[in-house]
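Take a look at the structure below.
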2 protein chains.
Amino acid sequence: MPSVDAAGEFETIERLFAPLAHPEWGRGLRDDVAVVPSRPGYDLVLTKDALVESIHFLPQDPLGTVAQKLLRVNLSDLACKGAEPFGYMLACNWSSRCGWPERKAFAAGLKQDQERFGVALLGGDTVATIGPATFSLTLLGWIQKGRVVGRNGARPGDRIMVTGTIGDGYLGLQAVRGMLSLADERIETLITHYRTPMPRVEFAEPVRDMATAAIDVSDGLVADLGHLAETSGVAMELTLDSVPVSAAGHAWLDGRVDPEDAMIRLVTGGDDYEIAFTIRPEDEAALRREAERRLLRLTCIGQVSEGAGVTVLYGGEKVTIKRPGWSHD
Amino acid sequence: MPSVDAAGEFETIERLFAPLAHPEWGRGLRDDVAVVPSRPGYDLVLTKDALVESIHFLPQDPLGTVAQKLLRVNLSDLACKGAEPFGYMLACNWSSRCGWPERKAFAAGLKQDQERFGVALLGGDTVATIGPATFSLTLLGWIQKGRVVGRNGARPGDRIMVTGTIGDGYLGLQAVRGMLSLADERIETLITHYRTPMPRVEFAEPVRDMATAAIDVSDGLVADLGHLAETSGVAMELTLDSVPVSAAGHAWLDGRVDPEDAMIRLVTGGDDYEIAFTIRPEDEAALRREAERRLLRLTCIGQVSEGAGVTVLYGGEKVTIKRPGWSHD
């Protein structure tokens with residue numbers, strides 16, 4: 001069944017995507033399938049996230065960073081499980097705004113990130129659509145057999161840790177929408193975070209070795225801790241005062257009348273792509289050494305106890321959260 | 001980033017998709033990732049095909065058969081490589097017409113086909129979109145190490161074989177568009193083929209053991225043989241008179257003024273999802289026994305020689321084909 005498409009399927013695959021294919025496993029993208037050798041002693045770890053124009057990215061976002069965001073949100077899912085990514089399958093539904101230059105930019109963005117994160121294209125599908133552009137990616141990785149970090153291993157007494165800073169996902173979206181009054185370089189940093197968040201791939205190994213439960217912060221810190229608490233059958237206490245915030249985040253907080261409300265926005269906004277996880281207290285020192293070696297900020301933001309749900313504290317007082325995070329559907 | 005969706009992400013996953021998940025590897029669809037044990041001695045085979053409303057299926061097609069078509073076009077890709085499927089990752093972009101009853105029908109269609117074809121859902125993503133409904137599926141299978149059937153192994157002297165019949169893909173699309181005047185039961189058969197084509201999963205093993213090159217007929221028989229000829233560096237001769245046609249196809253052919261033109265439409269229409277492949281002549285008898293055991297029609301439709309390109313013969317004369325198949329992009 002045909003559809004009119006100025007920049008055709010053949011050229012897109014042959015000229016833009018074939019150079020990104022894994023030299024052996026991708027079979028030059030000419031064979032309908034990818035073939036990957038088994039890795040005895042390892043489990044295959046798979047994740048799949050789609051980005052839809054006007055929902056997960058904006059029509060004015062450059063296609064190069066859309067491609068990078070697509071890869072990175074999936075990399076984040078694998079990193080928080082402790083897995084090491086190796087390749088991906090890609091489905092592109094190009095909208096009418098995706099001409100040749102835009103597709104070229106998309107492929108160039110992927111190329112850059114493939115090199116940065118050590119993954120290769122394995123195969124996929126490319127079609128034209130009359131609707132918004134939609135991209136779907138299945139990311140594959142390996143992990144030593146039985147070593148995947150679940151959501152269900154948090155135990156009373158564990159500490160809650162988070163990598164990097166929280167809230168730039170929320171502020172980034174405000175920034176691309178032109179709704180923030182901050183210095184230009186702050187705005188730029190936030191837009192960069194929104195378009196190309198940095199998955200904590202380099203911290204997957206320590207997480208694999210020491211986390212009792214882990215998740216990447218995509219729905220919002222409070223909502224995501226809620227997932228861990230529910231699946232583990234424990235209660236979690238989040239100390240809002242300890243939540244790490246970026247320089248841009250602090251600049252924004254300084255201008256707020258109600259700092260409590262502002263902090264709540266940052267921990268419920270989502271799209272941070274940091275790893276939130278729990279550890280036994282005796283592992284904290286070793287974990288901090290791993291973070292320091294990687295120049296990665298690591299913060300203890302709360303603790304696990306018996307019970308259920310997430311309690312949020314601010315200045316020693318219990319805070320009521322009406323909406324713990326976004327739903328993407 | 002939120003979007004309004006009456007039938008939410010959580011309910012869709014929890015109530016419709018979780019029951020379809022692989023009991024162990026899918027992790028209840030609650031963990032962002034699927035985890036599949038390695039299979040030593042086997043290669044992992046992956047394929048990914050997307051279906052877009054108004055391009056690959058029609059707005060009036062029931063969602064249950066759309067789900068089945070999505071799974072089946074991917075199963076067809078794995079079957080022609082000789083691989084055995086085990087699971088899939090699914091991305092659903094629901095349009096406004098996809099309320100709860102439609103999603104339920106989608107899941108019911110998948111359930112039926114999962115049981116029929118022995119595969120299970122591993123994970124995925126579900127979002128609402130303002131555009132046409134779009135579904136993308138990554139199918140995974142195993143094959144004994146190094147045994148994948150490529151497109152590049154056809155050699156001069158090989159015979160060209162095809163399973164089933166050719167042309168119902170073309171006629172099915174005409175039928176759903178109301179453009180055929182045939183008896184009601186013929187129309188129904190053709191619409192069923194269009195909506196739920198039958199991938200030749202049961203013939204994957206003989207293809208793996210005996211085919212020198214193979215492809216599934218999706219772009220159109222002539223175009224797909226062209227892919228085999230090009231990748232193998234050989235010429236192929238297709239005898240139009242030998243191409244197997246269904247009872248519905250014969251009924252349609254009977255009403256044509258120009259039988260040559262009619263046959264050309266059938267072999268260039270695509271969406272047949274049969275396996276076209278090449279074998280050494282000495283393997284034909286053994287292959288026919290395998291087909292008979294499965295009650296599967298198997299036809300020799302031409303031969304491989306030195307040279308390049310596909311030559312089409314009809315009544316002993318060379319036929320000119322203007323357009324060997326559809327482009328889906």
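Convention: chains lettered A, B, ... in structure tokens order; per-chain residue numbering from 1; ligands numbered from 1 as shown.
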Using only C-alpha atoms, what table do you get, as a tab-separated table, when you list each residue of chain A with an atom no more than 7 Å from chain B, its nearest pair of atoms, and their distance in Å rounded to one decimal, rows by chain then rising number?
```
residue	atom	partner	partner_atom	distance
A:Met1	CA	B:His328	CA	6.0
A:Pro2	CA	B:His328	CA	5.0
A:Ser3	CA	B:Asp329	CA	5.9
A:Asp5	CA	B:Asp329	CA	6.0
A:Gly8	CA	B:Asp329	CA	5.8
A:Glu9	CA	B:Asp329	CA	4.9
A:Asp31	CA	B:Arg151	CA	6.6
A:Asp32	CA	B:Thr47	CA	6.3
A:Val33	CA	B:Thr47	CA	4.7
A:Ala34	CA	B:Leu46	CA	5.0
A:Val35	CA	B:Val45	CA	4.6
A:Val36	CA	B:Leu44	CA	4.9
A:Pro37	CA	B:Asp43	CA	4.4
A:Ser38	CA	B:Asp43	CA	5.3
A:Arg39	CA	B:Ser38	CA	6.0
A:Pro40	CA	B:Pro40	CA	5.3
A:Tyr42	CA	B:Ser38	CA	6.0
A:Asp43	CA	B:Pro37	CA	4.4
A:Leu44	CA	B:Val36	CA	4.9
A:Val45	CA	B:Val35	CA	4.6
A:Leu46	CA	B:Ala34	CA	5.0
A:Thr47	CA	B:Val33	CA	4.7
A:Lys48	CA	B:Gly124	CA	5.1
A:Asp49	CA	B:Asp125	CA	5.6
A:Ala50	CA	B:Asp125	CA	6.6
A:Ile55	CA	B:Met1	CA	6.3
A:His56	CA	B:Met1	CA	6.3
A:Asp77	CA	B:Asp32	CA	6.4
A:Met89	CA	B:Lys48	CA	6.9
A:Ala91	CA	B:Ala50	CA	6.8
A:Gly123	CA	B:Thr47	CA	6.9
A:Gly124	CA	B:Lys48	CA	5.1
A:Asp125	CA	B:Asp49	CA	5.6
A:Thr126	CA	B:Asp329	CA	6.6
A:Val127	CA	B:Asp329	CA	4.3
A:Ala128	CA	B:Asp329	CA	5.3
A:Gly131	CA	B:Gly131	CA	4.1
A:Pro132	CA	B:Gly131	CA	5.8
A:Gly150	CA	B:Asp31	CA	6.8
A:Arg151	CA	B:Asp31	CA	6.6
A:Trp326	CA	B:Pro2	CA	5.8
A:Ser327	CA	B:Pro2	CA	5.6
A:His328	CA	B:Pro2	CA	5.1
A:Asp329	CA	B:Val127	CA	4.4
```
With C-alpha atoms retained, write the just-selected residues as a CSV table (one decimal), in the first residue's frame.
```
chain,number,residue,atom,x,y,z
A,1,MET,CA,0.0,0.0,0.0
A,2,PRO,CA,1.7,3.2,-1.2
A,3,SER,CA,1.9,6.6,0.3
A,5,ASP,CA,6.8,10.5,0.3
A,8,GLY,CA,11.6,7.9,0.1
A,9,GLU,CA,12.0,4.8,2.2
A,31,ASP,CA,17.6,-8.3,5.2
A,32,ASP,CA,14.4,-7.6,7.1
A,33,VAL,CA,16.0,-8.9,10.3
A,34,ALA,CA,19.0,-8.3,12.6
A,35,VAL,CA,20.9,-11.3,13.9
A,36,VAL,CA,22.7,-11.1,17.2
A,37,PRO,CA,24.8,-13.9,18.7
A,38,SER,CA,23.7,-15.2,22.1
A,39,ARG,CA,25.9,-14.2,25.1
A,40,PRO,CA,26.1,-17.2,27.4
A,42,TYR,CA,24.1,-13.1,30.3
A,43,ASP,CA,20.4,-12.1,30.2
A,44,LEU,CA,19.0,-10.0,27.3
A,45,VAL,CA,17.4,-6.8,28.6
A,46,LEU,CA,14.9,-5.0,26.4
A,47,THR,CA,13.0,-1.7,26.7
A,48,LYS,CA,10.8,0.3,24.3
A,49,ASP,CA,9.8,3.9,24.5
A,50,ALA,CA,8.1,6.0,21.8
A,55,ILE,CA,3.2,15.1,23.4
A,56,HIS,CA,6.9,14.1,24.1
A,77,ASP,CA,15.6,2.7,31.3
A,89,MET,CA,15.6,-1.3,16.5
A,91,ALA,CA,10.6,2.8,13.8
A,123,GLY,CA,17.1,-2.6,12.0
A,124,GLY,CA,13.7,-1.1,11.9
A,125,ASP,CA,11.1,0.4,9.7
A,126,THR,CA,10.5,3.8,8.1
A,127,VAL,CA,7.1,5.1,6.8
A,128,ALA,CA,5.4,8.4,6.1
A,131,GLY,CA,-0.2,12.7,11.5
A,132,PRO,CA,2.4,14.0,13.9
A,150,GLY,CA,14.2,-4.8,40.0
A,151,ARG,CA,11.7,-2.4,41.6
A,326,TRP,CA,2.6,13.1,35.0
A,327,SER,CA,0.8,10.3,33.1
A,328,HIS,CA,2.2,10.1,29.6
A,329,ASP,CA,-0.9,8.5,28.1
```
Review point. Stretch 60-115 of chain B: which residues are alpha helix (DSSP H) by DSSP, as a PyMOL selection string?
Key: chain B and resi 63-79+100-115
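The nearest approach to A:Ala308 among the residues A:Leu180, A:Val162, A:Ala247, A:Ala154, with only C-alpha atoms taken into account, belongs to A:Ala154.
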**Study point:** B:Pro19 surroundings by only C-alpha atoms, 10 Å radius, close-in-sequence under 6 positions cut, as an NGL selection string
**Key:** :B and (13 or 28-29 or 107 or 111 or 120-121)
Point to revise | Selection: 12 Å around B:Met179, only C-alpha atoms, excl. self and same-chain fewer than 3 positions, as a PyMOL selection string | key: chain B and resi 170-176+182+187+190-191+252
Let me see the file: selected residues, N, CA and C atoms, as a short mmCIF file (atom, residue, chain, number, x, y, z; two decimals), in the first residue's frame.
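Generated output (result31.cif):
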```cif
data_model
loop_
_atom_site.label_atom_id
_atom_site.label_comp_id
_atom_site.auth_asym_id
_atom_site.auth_seq_id
_atom_site.Cartn_x
_atom_site.Cartn_y
_atom_site.Cartn_z
N TYR B 170 -3.09 -8.12 -3.17
CA TYR B 170 -3.60 -7.08 -4.08
C TYR B 170 -5.12 -7.07 -4.11
N LEU B 171 -5.71 -8.26 -4.30
CA LEU B 171 -7.17 -8.34 -4.42
C LEU B 171 -7.85 -8.00 -3.10
N GLY B 172 -7.22 -8.35 -1.99
CA GLY B 172 -7.79 -8.04 -0.67
C GLY B 172 -7.96 -6.54 -0.47
N LEU B 173 -6.94 -5.78 -0.88
CA LEU B 173 -7.03 -4.33 -0.76
C LEU B 173 -8.16 -3.78 -1.64
N GLN B 174 -8.29 -4.32 -2.87
CA GLN B 174 -9.40 -3.90 -3.73
C GLN B 174 -10.74 -4.25 -3.08
N ALA B 175 -10.78 -5.43 -2.43
CA ALA B 175 -12.03 -5.90 -1.82
C ALA B 175 -12.46 -5.00 -0.67
N VAL B 176 -11.52 -4.66 0.24
CA VAL B 176 -11.91 -3.80 1.37
C VAL B 176 -12.30 -2.41 0.87
N LEU B 182 -17.34 -9.62 -7.20
CA LEU B 182 -17.18 -11.07 -7.12
C LEU B 182 -18.25 -11.58 -6.16
N ILE B 187 -15.32 -12.33 -1.81
CA ILE B 187 -14.99 -11.02 -1.24
C ILE B 187 -14.59 -11.20 0.23
N LEU B 190 -11.17 -12.69 0.60
CA LEU B 190 -10.11 -11.72 0.27
C LEU B 190 -9.95 -10.68 1.38
N ILE B 191 -11.08 -10.24 1.95
CA ILE B 191 -10.99 -9.27 3.05
C ILE B 191 -10.30 -9.92 4.25
N TRP B 252 -11.48 -13.92 -10.15
CA TRP B 252 -11.22 -12.56 -10.61
C TRP B 252 -10.58 -12.55 -11.99
#
```
Check your understanding: Quick one: distance from atom CA of A:Phe277 to atom CA of A:Met236 in Å, one decimal?
Key -> 11.3 Å
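Rounded to one decimal, atom CA of A:Leu71 and atom CA of B:Ser76 lie 27.3 Å from each other.
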